[in-house]
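One structure below.
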Amino acid sequence: MLTPQGGRNSFKIAFIGSHGVGKTTLCYGLAARLKILDISLEVVNEVARRCPLPINRDTTVAAQAWILHCQIAEEIVAAARYDLVICDRSTLDNYVYLLLTSQNHHDLEDMVSSWTASYDLLVKVPIIQDPKADGLRSTDPTFQRAVEHRLQEEIMRRNLSVLDLAAYPRENWLERVEAAVHDRFQPPTQLELL
């Protein structure tokens with residue numbers, strides 16, 4: 001089984017959801033709030049933006065393998081160096097884009113399943129508006145909703161526990177995620193020398 005490696009026992013959060021829903025904004029908002037508390041943390045940025053291969057509806061097994069392996073590699077490095085890791089996407093919602101293409105994906109399924117189990121908190125960000133042009137992601141609202149629907153199917157099929165932000169007003173999202181982190185994350189205590 002593929003598991004995170006490194007010298008630390010990091011707490012790992014992943015914001016999941018379709019594209020254009022505000023995951024990146026929430027990642028950096030949460031990071032800013034937690035940094036004020038002097039928590040050692042790292043944000044793992046969405047790697048799909050750097051993929052040299054086709055993404056969105058045109059993605060391929062090779063493109064998704066590149067994205068998934070880069071995501072995992074960056075999470076391993078972050079977990080080895082920091083107490084808390086905030087991920088702008090998870091392996092699961094990246095994988096959903098491949099599932100929508102109906103391409104052969106069986107060799108990536110086990111990797112995605114075992115790595116998805118490594119997240120301590122999955123935060124699902126709902127669609128609240130159509131995607132805006134950012135020069136990379138599809139602006140087709142039908143495709144955005146298809147990703148959302150397939151992700152929800154995968155969450156249910158895998159029986160995953162998620163903090164679903166759809167249950168809260170948007171202006172309370174950061175407070176709700178921060179409260180969930182405080183409930184679950186115990187930063188390491190530093191010993192004082194006498």
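The chains in the structure tokens are called A, B, ... from first to last as shown; in each chain the residues are counted from 1, and the ligands are counted from 1 in the order shown.
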Exercise for review: Identify, on the basis of only C-alpha atoms, every residue whose closest approach to segment 31-42 of chain A does not exceed 12 Å; exclude the query and any residue fewer than 5 positions from it along the same chain; express the result as a ChimeraX atom specification.
Suggested key: /A:8,10-14,24-26,74-88,174-175,177-179,181-182,185-189
Let me see the file: selected residues, C-alpha atoms, as a PDB file, in the first residue's frame.
```pdb
ATOM      1  CA  ARG A   8       6.977  13.753  10.586  1.00  0.00           C
ATOM      2  CA  SER A  10       1.729  15.474   9.516  1.00  0.00           C
ATOM      3  CA  PHE A  11      -1.947  16.332   9.494  1.00  0.00           C
ATOM      4  CA  LYS A  12      -3.140  16.598   5.889  1.00  0.00           C
ATOM      5  CA  ILE A  13      -6.177  18.518   4.631  1.00  0.00           C
ATOM      6  CA  ALA A  14      -7.405  18.470   1.029  1.00  0.00           C
ATOM      7  CA  THR A  24      -7.419  27.789  -3.983  1.00  0.00           C
ATOM      8  CA  THR A  25      -8.881  30.841  -2.243  1.00  0.00           C
ATOM      9  CA  LEU A  26      -9.927  28.676   0.708  1.00  0.00           C
ATOM     10  CA  GLU A  74       4.661  17.123  -3.465  1.00  0.00           C
ATOM     11  CA  GLU A  75       2.536  15.867  -0.573  1.00  0.00           C
ATOM     12  CA  ILE A  76       5.330  13.531   0.548  1.00  0.00           C
ATOM     13  CA  VAL A  77       7.852  16.384   0.594  1.00  0.00           C
ATOM     14  CA  ALA A  78       5.464  18.734   2.418  1.00  0.00           C
ATOM     15  CA  ALA A  79       4.541  16.082   5.015  1.00  0.00           C
ATOM     16  CA  ALA A  80       8.224  15.404   5.694  1.00  0.00           C
ATOM     17  CA  ARG A  81       8.871  19.079   6.460  1.00  0.00           C
ATOM     18  CA  TYR A  82       5.712  20.498   8.036  1.00  0.00           C
ATOM     19  CA  ASP A  83       3.245  19.648  10.799  1.00  0.00           C
ATOM     20  CA  LEU A  84       0.205  20.497   8.683  1.00  0.00           C
ATOM     21  CA  VAL A  85      -0.262  20.171   4.917  1.00  0.00           C
ATOM     22  CA  ILE A  86      -3.069  21.931   3.035  1.00  0.00           C
ATOM     23  CA  CYS A  87      -3.736  20.502  -0.439  1.00  0.00           C
ATOM     24  CA  ASP A  88      -5.435  22.405  -3.243  1.00  0.00           C
ATOM     25  CA  LEU A 174     -13.356  29.428   6.438  1.00  0.00           C
ATOM     26  CA  GLU A 175     -14.591  29.526  10.029  1.00  0.00           C
ATOM     27  CA  VAL A 177     -12.930  24.550   8.167  1.00  0.00           C
ATOM     28  CA  GLU A 178     -10.737  26.235  10.774  1.00  0.00           C
ATOM     29  CA  ALA A 179     -12.989  24.843  13.533  1.00  0.00           C
ATOM     30  CA  VAL A 181      -8.916  21.663  11.974  1.00  0.00           C
ATOM     31  CA  HIS A 182      -8.826  22.805  15.604  1.00  0.00           C
ATOM     32  CA  PHE A 185      -5.276  18.642  14.703  1.00  0.00           C
ATOM     33  CA  GLN A 186      -3.034  18.658  17.735  1.00  0.00           C
ATOM     34  CA  PRO A 187       0.210  20.490  16.913  1.00  0.00           C
ATOM     35  CA  PRO A 188       3.300  18.914  18.408  1.00  0.00           C
ATOM     36  CA  THR A 189       4.291  20.418  21.705  1.00  0.00           C
TER      37      THR A 189
END
```
Point to revise | helix (DSSP H, G or I) per DSSP on the backbone: members of segment 19-159 of chain A, as a ChimeraX atom specification | key: /A:23-36,47-50,56-58,61-81,91-99,106-116,141-157
Point to revise | Residues near segment 106-114 of chain A, cut-off 12 Å, only C-alpha atoms, skip fewer than 5 positions along chain, as JSON, numbers by chain | key: {"A": [1, 2, 3, 4, 61, 62, 63, 64, 65, 66, 67, 68, 69, 71, 72, 90, 91, 92, 93, 94, 95, 96, 98, 99, 119, 154, 155, 157, 158, 159, 160]}
Exercise for review: From a DSSP calculation on the backbone, collect every residue of segment 3-192 of chain A in strand (DSSP E or B) and output the set as a ChimeraX atom specification.
Suggested key: /A:11-16,41-44,84-88,121-124,163-164
Could you write out that same residue set with N, CA and C atoms as a short mmCIF file (atom, residue, chain, number, x, y, z; two decimals), in the first residue's frame?
```cif
data_model
loop_
_atom_site.label_atom_id
_atom_site.label_comp_id
_atom_site.auth_asym_id
_atom_site.auth_seq_id
_atom_site.Cartn_x
_atom_site.Cartn_y
_atom_site.Cartn_z
N PHE A 11 -0.50 16.31 9.67
CA PHE A 11 -1.95 16.33 9.49
C PHE A 11 -2.18 16.90 8.10
N LYS A 12 -2.98 16.20 7.30
CA LYS A 12 -3.14 16.60 5.89
C LYS A 12 -4.60 16.87 5.56
N ILE A 13 -4.84 18.07 5.04
CA ILE A 13 -6.18 18.52 4.63
C ILE A 13 -6.17 18.64 3.11
N ALA A 14 -7.28 18.24 2.47
CA ALA A 14 -7.41 18.47 1.03
C ALA A 14 -8.76 19.11 0.74
N PHE A 15 -8.72 20.19 -0.01
CA PHE A 15 -9.95 20.81 -0.51
C PHE A 15 -10.28 20.11 -1.83
N ILE A 16 -11.48 19.58 -1.93
CA ILE A 16 -11.88 18.84 -3.12
C ILE A 16 -13.12 19.47 -3.74
N LEU A 41 3.21 24.93 8.50
CA LEU A 41 2.37 24.36 7.45
C LEU A 41 2.90 24.66 6.06
N GLU A 42 2.40 23.91 5.11
CA GLU A 42 2.73 24.10 3.69
C GLU A 42 1.46 23.92 2.87
N VAL A 43 1.30 24.71 1.81
CA VAL A 43 0.21 24.54 0.86
C VAL A 43 0.77 23.80 -0.36
N VAL A 44 0.13 22.70 -0.73
CA VAL A 44 0.47 21.98 -1.96
C VAL A 44 -0.47 22.50 -3.04
N LEU A 84 1.52 20.48 9.31
CA LEU A 84 0.20 20.50 8.68
C LEU A 84 0.38 20.78 7.20
N VAL A 85 -0.33 20.02 6.37
CA VAL A 85 -0.26 20.17 4.92
C VAL A 85 -1.67 20.46 4.41
N ILE A 86 -1.80 21.54 3.63
CA ILE A 86 -3.07 21.93 3.03
C ILE A 86 -2.95 21.72 1.53
N CYS A 87 -3.81 20.85 0.99
CA CYS A 87 -3.74 20.50 -0.44
C CYS A 87 -4.86 21.16 -1.24
N ASP A 88 -4.48 21.82 -2.31
CA ASP A 88 -5.44 22.40 -3.24
C ASP A 88 -5.77 21.31 -4.26
N LEU A 121 -8.45 15.14 6.63
CA LEU A 121 -9.68 15.92 6.48
C LEU A 121 -9.87 16.25 5.00
N LEU A 122 -11.02 15.83 4.47
CA LEU A 122 -11.41 16.19 3.10
C LEU A 122 -12.51 17.23 3.21
N VAL A 123 -12.31 18.36 2.53
CA VAL A 123 -13.28 19.45 2.57
C VAL A 123 -13.84 19.62 1.17
N LYS A 124 -15.13 19.33 1.02
CA LYS A 124 -15.76 19.41 -0.31
C LYS A 124 -16.35 20.80 -0.51
N LEU A 163 -16.14 16.95 5.01
CA LEU A 163 -16.79 18.16 5.50
C LEU A 163 -17.34 18.85 4.26
N ASP A 164 -18.66 18.81 4.08
CA ASP A 164 -19.29 19.36 2.89
C ASP A 164 -19.72 20.80 3.17
#
```
Point to revise | Length of the atom CA of Val162 of chain A to atom CA of Ala133 of chain A vector [Å] | key: 28.1 Å
Revision key, fill the gap. From atom CA of Val147 of chain A to atom CA of Pro52 of chain A the spacing works out at 21.1 Å
